[in-house]
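K.L.:
Sharing run.cif below, mmCIF, C-alpha atoms:
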data_structure
loop_
_atom_site.label_atom_id
_atom_site.label_comp_id
_atom_site.auth_asym_id
_atom_site.auth_seq_id
_atom_site.Cartn_x
_atom_site.Cartn_y
_atom_site.Cartn_z
CA MET M 1 107.16 -7.58 -90.78
CA MET M 2 110.84 -6.96 -91.55
CA VAL M 3 111.63 -10.46 -92.87
CA PRO M 4 108.73 -10.62 -95.41
CA ALA M 5 109.74 -7.20 -96.73
CA VAL M 6 113.38 -8.26 -97.06
CA LEU M 7 112.34 -11.39 -98.94
CA LEU M 8 110.17 -9.35 -101.31
CA LEU M 9 113.04 -6.95 -101.96
CA LEU M 10 115.49 -9.82 -102.48
CA GLY M 11 113.14 -11.49 -104.98
CA ALA M 12 112.62 -8.24 -106.90
CA VAL M 13 116.35 -7.45 -107.05
CA THR M 14 117.16 -10.98 -108.20
CA ALA M 15 114.43 -10.85 -110.86
CA VAL M 16 115.92 -7.65 -112.30
CA LEU M 17 119.68 -8.18 -111.93
CA ALA M 18 120.09 -11.91 -112.60
CA PRO M 19 119.07 -11.77 -116.31
CA ARG M 20 121.50 -8.89 -116.90
CA LEU M 21 124.38 -10.71 -115.25
CA LEU M 22 123.72 -13.95 -117.12
CA ALA M 23 123.36 -12.08 -120.43
CA ARG M 24 126.93 -10.79 -120.06
CA ALA M 25 128.38 -14.24 -119.43
CA GLU M 26 130.02 -16.05 -122.36
CA TRP M 27 130.23 -19.52 -120.84
CA PRO M 28 126.53 -20.60 -121.25
CA GLU M 29 127.10 -21.26 -124.95
CA ARG M 30 129.96 -23.62 -124.06
CA GLU M 31 128.07 -25.37 -121.25
CA PRO M 32 124.32 -25.23 -122.00
CA VAL M 33 123.46 -27.97 -119.48
CA VAL M 34 125.11 -26.03 -116.66
CA ALA M 35 123.41 -22.86 -117.88
CA LEU M 36 120.03 -24.57 -117.78
CA TRP M 37 120.67 -25.55 -114.17
CA VAL M 38 121.74 -22.00 -113.28
CA TRP M 39 118.57 -20.54 -114.78
CA GLN M 40 116.40 -23.03 -112.92
CA CYS M 41 118.13 -22.17 -109.64
CA VAL M 42 117.73 -18.42 -110.21
CA VAL M 43 114.03 -18.70 -111.07
CA GLY M 44 113.54 -21.09 -108.18
CA ALA M 45 115.15 -18.58 -105.82
CA VAL M 46 112.84 -15.80 -107.02
CA LEU M 47 109.76 -17.98 -106.56
CA LEU M 48 111.01 -19.11 -103.15
CA CYS M 49 111.44 -15.50 -102.04
CA PHE M 50 107.84 -14.72 -102.93
CA ALA M 51 106.50 -17.95 -101.39
CA LEU M 52 108.29 -17.42 -98.08
CA SER M 53 107.23 -13.77 -97.99
CA MET M 54 103.63 -14.88 -98.57
CA LEU M 55 103.77 -17.39 -95.70
CA LEU M 56 105.29 -14.94 -93.22
CA SER M 57 102.91 -12.16 -94.28
CA ALA M 58 99.97 -14.50 -93.78
CA ALA M 59 101.35 -15.45 -90.37
CA ALA M 60 101.57 -11.77 -89.46
CA ALA M 61 98.02 -11.06 -90.64
CA TRP M 62 96.13 -14.05 -89.21
CA HIS M 63 96.70 -15.76 -85.88
CA ALA M 64 95.37 -19.06 -87.22
CA VAL M 65 98.11 -19.18 -89.89
CA ARG M 66 100.71 -18.10 -87.36
CA GLY M 67 99.70 -20.87 -84.99
CA ARG M 68 100.00 -23.54 -87.67
CA LEU M 69 103.24 -22.19 -89.16
CA PHE M 70 105.02 -21.93 -85.80
CA ALA M 71 103.26 -24.81 -84.06
CA ALA M 72 106.44 -26.84 -83.62
CA ALA M 73 108.71 -23.85 -82.99
CA PRO M 74 110.22 -23.38 -79.50
CA HIS M 75 109.19 -20.47 -77.30
CA GLY M 76 110.61 -17.15 -78.43
CA VAL M 77 110.90 -17.93 -82.14
CA VAL M 78 107.69 -16.08 -83.04
CA ASP M 79 108.87 -13.01 -81.13
CA ALA M 80 112.13 -13.03 -83.09
CA TYR M 81 110.23 -12.36 -86.33
CA ALA M 82 108.55 -9.24 -84.87
CA LEU M 83 105.31 -10.00 -86.68
CA GLY M 84 103.35 -7.80 -84.29
CA PRO M 85 99.90 -8.39 -82.82
CA THR M 86 98.06 -7.60 -86.06
CA GLY M 87 100.89 -7.67 -88.58
CA GLY M 88 100.38 -4.13 -89.81
CA PRO M 89 98.03 -2.87 -92.51
CA TRP M 90 99.99 -4.40 -95.40
CA ALA M 91 100.37 -7.98 -94.18
CA ALA M 92 97.01 -9.33 -95.37
CA GLY M 93 97.19 -7.49 -98.69
CA THR M 94 100.72 -8.75 -99.38
CA ALA M 95 99.79 -12.32 -98.51
CA LEU M 96 96.69 -12.28 -100.70
CA LEU M 97 98.53 -10.66 -103.59
CA LEU M 98 101.35 -13.21 -103.51
CA ALA M 99 98.89 -16.09 -103.07
CA GLY M 100 97.00 -14.84 -106.13
CA GLY M 101 100.25 -14.75 -108.08
CA GLY M 102 101.01 -18.34 -107.08
CA LEU M 103 97.53 -19.49 -108.07
CA TRP M 104 97.80 -17.67 -111.39
CA SER M 105 101.16 -19.34 -112.07
CA GLY M 106 99.67 -22.76 -111.36
CA LEU M 107 96.73 -22.10 -113.67
CA ARG M 108 99.04 -20.92 -116.47
CA LEU M 109 101.20 -24.03 -116.08
CA ALA M 110 98.17 -26.32 -116.13
CA ARG M 111 96.86 -24.53 -119.22
CA GLU M 112 100.23 -24.87 -120.95
CA VAL M 113 100.50 -28.59 -120.17
CA LEU M 114 96.92 -29.33 -121.25
CA ARG M 115 97.39 -27.39 -124.48
CA ALA M 116 100.62 -29.24 -125.24
CA ARG M 117 98.98 -32.60 -124.58
CA ALA M 118 96.04 -31.72 -126.79
CA GLY M 119 98.44 -30.71 -129.54
CA ARG M 120 100.37 -33.97 -129.22
CA ARG M 121 97.17 -35.99 -129.40
CA ALA M 122 96.07 -34.11 -132.50
CA ARG M 123 99.44 -34.58 -134.20
CA GLY M 124 99.48 -38.24 -133.19
CA ALA M 125 96.03 -38.79 -134.68
CA GLU M 126 97.11 -37.05 -137.87
CA LEU M 127 100.21 -39.26 -138.08
CA LEU M 128 98.11 -42.41 -137.74
CA VAL M 129 95.99 -41.23 -140.67
CA ARG M 130 98.96 -40.30 -142.85
CA ALA M 131 101.17 -43.22 -141.73
CA PRO M 132 99.01 -46.03 -140.29
CA LEU M 133 100.52 -48.89 -138.33
CA LEU M 134 101.70 -51.82 -140.41
CA PRO M 135 100.37 -55.32 -139.72
CA GLY M 136 102.20 -56.71 -136.69
CA GLU M 137 103.73 -53.35 -135.72
CA ASP M 138 103.76 -52.66 -131.98
CA PRO M 139 101.67 -49.49 -131.31
CA GLY M 140 103.55 -48.91 -128.05
CA GLY M 141 107.04 -49.02 -129.54
CA ALA M 142 109.15 -46.13 -130.76
CA ARG M 143 108.53 -45.40 -134.42
CA LEU M 144 110.37 -43.71 -137.22
CA VAL M 145 107.58 -42.22 -139.32
CA VAL M 146 108.30 -41.15 -142.89
CA LEU M 147 105.82 -38.72 -144.45
CA GLU M 148 105.53 -37.58 -148.04
CA GLY M 149 106.46 -33.91 -148.07
CA PRO M 150 108.24 -31.40 -150.32
CA ARG M 151 109.96 -29.60 -147.40
CA PRO M 152 112.83 -31.17 -145.42
CA GLU M 153 111.49 -31.50 -141.88
CA ALA M 154 112.20 -33.66 -138.86
CA TRP M 155 110.66 -33.47 -135.42
CA TRP M 156 110.15 -35.55 -132.31
CA LEU M 157 106.63 -36.27 -131.10
CA PRO M 158 106.88 -37.08 -127.37
CA GLY M 159 104.41 -39.20 -125.49
CA ALA M 160 103.94 -42.75 -124.25
CA ALA M 161 105.14 -43.98 -127.66
CA PRO M 162 107.65 -41.34 -128.84
CA GLN M 163 108.08 -41.00 -132.56
CA LEU M 164 110.62 -39.37 -134.82
CA VAL M 165 108.89 -37.93 -137.88
CA VAL M 166 110.82 -37.11 -141.05
CA THR M 167 109.66 -36.14 -144.50
CA THR M 168 110.81 -37.73 -147.72
CA ALA M 169 112.50 -34.45 -148.64
CA ALA M 170 114.52 -34.65 -145.42
CA LEU M 171 115.63 -38.18 -146.25
CA GLU M 172 116.90 -36.93 -149.61
CA ARG M 173 118.91 -34.18 -147.88
CA LEU M 174 120.30 -36.13 -144.91
CA LYS M 175 123.30 -38.19 -145.90
CA GLY M 176 125.20 -40.88 -144.03
CA SER M 177 124.88 -40.53 -140.26
CA GLN M 178 122.99 -37.25 -140.41
CA LEU M 179 119.60 -38.91 -139.86
CA ASP M 180 121.03 -40.77 -136.84
CA ALA M 181 122.38 -37.46 -135.52
CA VAL M 182 118.95 -35.85 -135.86
CA LEU M 183 117.44 -38.82 -134.02
CA ALA M 184 120.05 -38.47 -131.23
CA HIS M 185 119.30 -34.74 -131.00
CA GLU M 186 115.59 -35.36 -130.52
CA GLN M 187 116.23 -38.22 -128.10
CA GLY M 188 118.35 -35.80 -126.07
CA HIS M 189 115.31 -33.54 -125.72
CA ALA M 190 113.16 -36.46 -124.60
CA ALA M 191 115.70 -37.90 -122.12
CA ALA M 192 116.24 -34.53 -120.40
CA ARG M 193 112.50 -33.75 -120.34
CA HIS M 194 113.06 -30.41 -122.02
CA ASP M 195 109.34 -30.22 -122.70
CA TRP M 196 108.69 -29.59 -119.00
CA LEU M 197 111.27 -26.81 -118.91
CA LEU M 198 109.57 -25.20 -121.89
CA HIS M 199 106.13 -25.55 -120.28
CA CYS M 200 107.28 -23.88 -117.05
CA SER M 201 109.12 -21.06 -118.80
CA ARG M 202 106.15 -20.29 -121.06
CA ALA M 203 103.73 -20.37 -118.14
CA LEU M 204 105.79 -17.92 -116.08
CA ALA M 205 106.55 -15.60 -119.01
CA GLY M 206 102.93 -15.65 -120.17
CA GLY M 207 101.55 -15.08 -116.70
CA PHE M 208 104.00 -12.34 -115.72
CA PRO M 209 105.33 -10.77 -118.95
CA GLN M 210 106.64 -7.68 -117.14
CA VAL M 211 108.97 -9.63 -114.83
CA PRO M 212 112.42 -9.55 -116.50
CA VAL M 213 113.68 -12.86 -115.13
CA PHE M 214 110.67 -14.80 -116.43
CA ALA M 215 110.85 -13.28 -119.93
CA ALA M 216 114.60 -13.95 -120.13
CA PHE M 217 114.06 -17.45 -118.73
CA GLU M 218 111.71 -18.35 -121.58
CA ALA M 219 114.01 -16.92 -124.27
CA GLU M 220 117.12 -18.64 -122.88
CA ILE M 221 115.43 -21.99 -122.31
CA VAL M 222 114.34 -22.14 -125.96
CA ARG M 223 117.94 -21.52 -127.03
CA LEU M 224 119.77 -23.60 -124.44
CA VAL M 225 117.72 -26.79 -124.84
CA GLU M 226 118.64 -26.83 -128.53
CA LEU M 227 122.33 -26.34 -127.76
CA ALA M 228 122.20 -29.09 -125.14
CA ALA M 229 120.53 -31.51 -127.58
CA ASP M 230 123.11 -30.59 -130.24
CA ASP M 231 125.85 -31.59 -127.79
CA VAL M 232 124.16 -34.95 -127.18
CA ALA M 233 124.16 -35.66 -130.92
CA SER M 234 127.67 -34.31 -131.52
CA ARG M 235 129.19 -36.52 -128.83
CA ARG M 236 127.88 -39.59 -130.69
CA TYR M 237 128.20 -38.56 -134.33
CA GLY M 238 130.49 -35.55 -134.41
CA ARG M 239 129.93 -31.81 -134.63
CA LEU M 240 130.24 -31.69 -138.41
CA THR M 241 127.54 -34.33 -138.89
CA ILE M 242 124.88 -32.54 -136.84
CA ALA M 243 125.91 -29.17 -138.34
CA LEU M 244 125.42 -30.50 -141.89
CA ALA M 245 122.09 -31.99 -140.86
CA LEU M 246 120.95 -28.59 -139.55
CA VAL M 247 122.01 -26.91 -142.78
CA GLY M 248 120.25 -29.54 -144.88
CA LEU M 249 117.00 -29.18 -142.96
CA ASN M 250 116.97 -25.36 -142.94
CA GLU M 251 118.80 -24.03 -146.00
CA ASP M 252 115.58 -23.50 -148.01
CA ARG M 253 113.85 -21.49 -145.26
CA GLY M 254 115.90 -18.32 -145.46
CA VAL M 255 117.50 -19.07 -142.10
CA PHE M 256 121.00 -18.27 -143.32
CA GLY M 257 120.05 -15.16 -145.29
CA PRO M 258 120.47 -11.50 -144.31
CA SER M 259 116.79 -10.98 -143.47
CA PRO M 260 115.28 -11.97 -140.11
CA ALA M 261 114.68 -15.70 -140.01
CA PRO M 262 111.80 -17.61 -138.44
CA GLN M 263 114.38 -19.70 -136.51
CA PRO M 264 117.14 -17.23 -135.57
CA HIS M 265 119.01 -19.74 -133.38
CA VAL M 266 119.86 -22.12 -136.24
CA PRO M 267 122.79 -20.08 -137.66
CA GLU M 268 124.15 -19.65 -134.14
CA ARG M 269 123.93 -23.40 -133.55
CA VAL M 270 125.72 -24.20 -136.81
CA ARG M 271 128.46 -21.64 -136.09
CA ARG M 272 128.92 -23.03 -132.60
CA LEU M 273 129.20 -26.60 -133.87
CA LEU M 274 131.72 -25.70 -136.55
CA SER M 275 133.86 -23.55 -134.25
CA ALA M 276 134.35 -26.51 -131.87
CA THR M 277 134.99 -24.26 -128.87
CA PRO M 278 136.42 -26.45 -126.07
CA ARG M 279 134.32 -27.16 -123.02
CA MET M 280 135.15 -25.80 -119.60
CA SER M 281 137.18 -27.94 -117.23
CA PRO M 282 135.25 -30.39 -115.02
CA GLY M 283 136.34 -28.43 -111.96
CA ARG M 284 134.90 -25.18 -113.24
CA ARG M 285 131.66 -26.89 -114.27
CA LEU M 286 131.39 -28.36 -110.79
CA ARG M 287 132.01 -24.98 -109.16
CA LEU M 288 129.35 -23.28 -111.28
CA THR M 289 126.86 -26.03 -110.53
CA ALA M 290 127.57 -25.83 -106.81
CA LEU M 291 127.28 -22.03 -106.75
CA ALA M 292 123.98 -22.17 -108.62
CA THR M 293 122.66 -24.75 -106.16
CA LEU M 294 123.40 -22.33 -103.31
CA VAL M 295 121.32 -19.53 -104.85
CA PRO M 296 117.94 -20.89 -103.63
CA ALA M 297 119.50 -21.28 -100.19
CA VAL M 298 119.80 -17.48 -99.82
CA PRO M 299 116.04 -16.83 -99.29
CA LEU M 300 115.91 -19.81 -96.94
CA LEU M 301 118.77 -18.31 -94.93
CA VAL M 302 117.01 -14.93 -94.79
CA ALA M 303 113.78 -16.56 -93.67
CA PHE M 304 115.30 -18.78 -90.98
CA VAL M 305 118.01 -16.53 -89.51
CA PRO M 306 115.67 -14.78 -87.01
CA GLY M 307 114.33 -18.10 -85.77
CA LEU M 308 117.78 -19.65 -85.49
CA SER M 309 119.14 -16.62 -83.69
CA ALA M 310 116.36 -16.92 -81.11
CA LEU M 311 117.53 -20.45 -80.30
CA THR M 312 121.12 -19.45 -79.56
#
Would you encode the structure as structure tokens?
P.N.:
Amino acid sequence: MMVPAVLLLLGAVTAVLAPRLLARAEWPEREPVVALWVWQCVVGAVLLCFALSMLLSAAAAWHAVRGRLFAAAPHGVVDAYALGPTGGPWAAGTALLLAGGGLWSGLRLAREVLRARAGRRARGAELLVRAPLLPGEDPGGARLVVLEGPRPEAWWLPGAAPQLVVTTAALERLKGSQLDAVLAHEQGHAAARHDWLLHCSRALAGGFPQVPVFAAFEAEIVRLVELAADDVASRRYGRLTIALALVGLNEDRGVFGPSPAPQPHVPERVRRLLSATPRMSPGRRLRLTALATLVPAVPLLVAFVPGLSALT
């Protein structure tokens, strides 16, 4: 039972320390895409620790699971894990607890996805009422939908036929290439499937609000996907263009005032775009990406070392 306990401890330590270490780093603002990958690898490593601990605990508690898990393993590998004849009094409880956590996570994710789809269908139906298809217009094609509205707003409605929705007030505010920059920003979200990242982060944070890494994951994903989409738009239309578009869409909402704003990341995004901080070198980006990719390999190494040592 030593390996399942080590995996549990490793997952707990990673869940507590990783958010603190990443919060101190200054580079994620410069490289949001790399930061998104790092966060996914860290969360994946935590989940992998718990999943492997669950499997080995179940193998220690029940001979049927042990037989299936080590069916193809050579002689002596099972003994190397020191699972014991009955696995100890905590093996079954640990396995059931972790299995329940996995099931709860899956249910939360399914609920989040179904709720998002229902919301998209409702918004799509509302758009068809407020902006019906014109004669000869392809219902399956991408649409730019203009709605009458006193507030400057623009948003992307994903789905089989993605649509960019803007209000007439937004069209009055957005000048020159600013509307194209907003479109590129929203297309960046759709191309990178940021909606799935948001679904997963909300499911984990909602299901386990006391786990630091999941709460920080949700908060950072919301911020980083916007920075990443800003970079997509700025590479095509320039930083100043997308910054002016953000100001035009949000200046009447109190976002840039001294009081707390409903969208606190908007001033940070505008400041970042106007400061034009240079990106990291390709070599450093590659090193960070490679190091992050190795993080999920640590629990795999811990889980397989006893078995590999028995073969030598």
K.L.:
I need the residue set behind the PyMOL selection byres ((chain M and resi 302) around 12) for this file; please write it as a PDB file with C-alpha atoms, in the frame of the given file.
P.N.:
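Below you can see selection.pdb, which holds the result:
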ATOM      1  CA  MET M   2     110.840  -6.960 -91.550  1.00  0.00           C
ATOM      2  CA  VAL M   3     111.630 -10.460 -92.870  1.00  0.00           C
ATOM      3  CA  PRO M   4     108.730 -10.620 -95.410  1.00  0.00           C
ATOM      4  CA  ALA M   5     109.740  -7.200 -96.730  1.00  0.00           C
ATOM      5  CA  VAL M   6     113.380  -8.260 -97.060  1.00  0.00           C
ATOM      6  CA  LEU M   7     112.340 -11.390 -98.940  1.00  0.00           C
ATOM      7  CA  LEU M   8     110.170  -9.350-101.310  1.00  0.00           C
ATOM      8  CA  LEU M   9     113.040  -6.950-101.960  1.00  0.00           C
ATOM      9  CA  LEU M  10     115.490  -9.820-102.480  1.00  0.00           C
ATOM     10  CA  GLY M  11     113.140 -11.490-104.980  1.00  0.00           C
ATOM     11  CA  ALA M  45     115.150 -18.580-105.820  1.00  0.00           C
ATOM     12  CA  LEU M  48     111.010 -19.110-103.150  1.00  0.00           C
ATOM     13  CA  CYS M  49     111.440 -15.500-102.040  1.00  0.00           C
ATOM     14  CA  LEU M  52     108.290 -17.420 -98.080  1.00  0.00           C
ATOM     15  CA  SER M  53     107.230 -13.770 -97.990  1.00  0.00           C
ATOM     16  CA  LEU M  56     105.290 -14.940 -93.220  1.00  0.00           C
ATOM     17  CA  TYR M  81     110.230 -12.360 -86.330  1.00  0.00           C
ATOM     18  CA  VAL M 295     121.320 -19.530-104.850  1.00  0.00           C
ATOM     19  CA  PRO M 296     117.940 -20.890-103.630  1.00  0.00           C
ATOM     20  CA  ALA M 297     119.500 -21.280-100.190  1.00  0.00           C
ATOM     21  CA  VAL M 298     119.800 -17.480 -99.820  1.00  0.00           C
ATOM     22  CA  PRO M 299     116.040 -16.830 -99.290  1.00  0.00           C
ATOM     23  CA  LEU M 300     115.910 -19.810 -96.940  1.00  0.00           C
ATOM     24  CA  LEU M 301     118.770 -18.310 -94.930  1.00  0.00           C
ATOM     25  CA  ALA M 303     113.780 -16.560 -93.670  1.00  0.00           C
ATOM     26  CA  PHE M 304     115.300 -18.780 -90.980  1.00  0.00           C
ATOM     27  CA  VAL M 305     118.010 -16.530 -89.510  1.00  0.00           C
ATOM     28  CA  PRO M 306     115.670 -14.780 -87.010  1.00  0.00           C
ATOM     29  CA  GLY M 307     114.330 -18.100 -85.770  1.00  0.00           C
ATOM     30  CA  LEU M 308     117.780 -19.650 -85.490  1.00  0.00           C
ATOM     31  CA  SER M 309     119.140 -16.620 -83.690  1.00  0.00           C
TER      32      SER M 309
END
K.L.:
Taking all atoms listed in the file into account, name the residue in M:Leu22, M:Ala216, M:Ala229, M:Val222 that is nearest to M:Ala191.
P.N.:
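Looking only at the distances to M:Ala191, the closest residue turns out to be M:Ala229.
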K.L.:
Which residues are near stretch 91-98 of chain M? Cut-off 8 Å, only C-alpha atoms, ignore same chain within fewer than 3 positions. Put them as a ChimeraX atom specification.
P.N.:
/M:1,50-51,53-55,57-58,60-62,87-88,101-102
K.L.:
Take atom CA of M:Ala15 and atom CA of M:Leu288 and report the distance between them in Å, one decimal.
P.N.:
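These two atoms are separated by 19.4 Å.
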K.L.:
In Å, how far is it from atom CA of M:Gly100 to atom CA of M:Asp79?
P.N.:
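Straight-line distance from atom CA of M:Gly100 to atom CA of M:Asp79 works out to 27.7 Å.
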K.L.:
I'd like the residues picked by the PyMOL selection byres ((chain M and resi 144-155) around 8) written out as a ChimeraX atom specification, using the chain letters and numbers from the file.
P.N.:
/M:130-131,142-143,156-157,163-171,173,182,186,248-250
K.L.:
Please write out, as AutoDock Vina command-line options, where the centre of an axis-aligned box around all listed atoms of stretch 183-186 of chain M lies and how long its edges are, in Å to one decimal, after adding 5 Å on each side.
P.N.:
--center_x 117.8 --center_y -36.8 --center_z -132.3 --size_x 14.5 --size_y 14.1 --size_z 13.5
K.L.:
Once the PyMOL selection byres ((chain M and resi 293) around 12) has been evaluated on this model, what residues remain selected, and can you format them as a list in words?
P.N.:
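On the file shown, the PyMOL selection byres ((chain M and resi 293) around 12) covers Val34, Ala35, Leu36, Trp37, Val38, Trp39, Gln40, Cys41, Val42, Val43, Gly44, Ala45, Leu286, Arg287, Leu288, Thr289, Ala290, Leu291, Ala292, Leu294, Val295, Pro296, Ala297 and Val298 of chain M.
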K.L.:
State, in Å with one decimal place, the distance from atom CA of M:Cys200 to atom CA of M:Ala12.
P.N.:
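Between atom CA of M:Cys200 and atom CA of M:Ala12 the gap works out to 19.4 Å.
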K.L.:
Using only C-alpha atoms, determine which residues lie at most 8 Å from M:Pro19, disregarding the query and same-chain residues fewer than 5 positions distant; provide the list as a list in words.
P.N.:
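In the requested form, the answer reads Pro212, Val213, Ala216 and Phe217 of chain M.
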K.L.:
Nearest residue to M:Leu17 out of M:Ile221, M:Ile242, M:Leu134, M:Val211, using all atoms listed in the file?
P.N.:
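Answer, going by the shortest atom-to-atom distance: M:Val211.
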K.L.:
My list of candidates is M:Val270, M:Ala215, M:Ala118, M:Leu174. Which is closest to M:Asp230 when distances are computed with all atoms listed in the file?
P.N.:
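Comparing M:Val270, M:Ala215, M:Ala118, M:Leu174 against M:Asp230, the winner is M:Val270.
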K.L.:
Quick one: everything within 10 Å of M:Gly206, counting all atoms listed in the file, minus sequence neighbours fewer than 2 positions away in the same chain. Send it as a list of chain:residue names.
P.N.:
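Here the qualifying residues turn out to be M:Ser105, M:Arg108, M:Leu109, M:Glu112, M:Cys200, M:Ser201, M:Arg202, M:Ala203, M:Leu204, M:Phe208, M:Pro209, M:Gln210, M:Phe214, M:Ala215, M:Glu218.
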K.L.:
Step by step: start from the point (123.2, -22.0, -135.1) in the file's coordinates, keep every protein, DNA or RNA residue that has an atom no farther than 10 Å from it, count all atoms listed in the file, and write the set as a PyMOL selection string.
P.N.:
chain M and resi 223+226-227+230+243+246-247+255-256+263-274
K.L.:
Residues of stretch 6-111 of chain M that have any atom at most 10 Å from an atom of stretch 277-281 of chain M: could you tabulate them with the shortest-distance atom pair and the distance in Å to one decimal, using only C-alpha atoms, ordered by chain and increasing number, as a tab-separated table?
P.N.:
residue	atom	partner	partner_atom	distance
M:Trp27	CA	M:Met280	CA	8.1
M:Glu29	CA	M:Thr277	CA	9.3
M:Arg30	CA	M:Arg279	CA	5.7
M:Glu31	CA	M:Arg279	CA	6.7
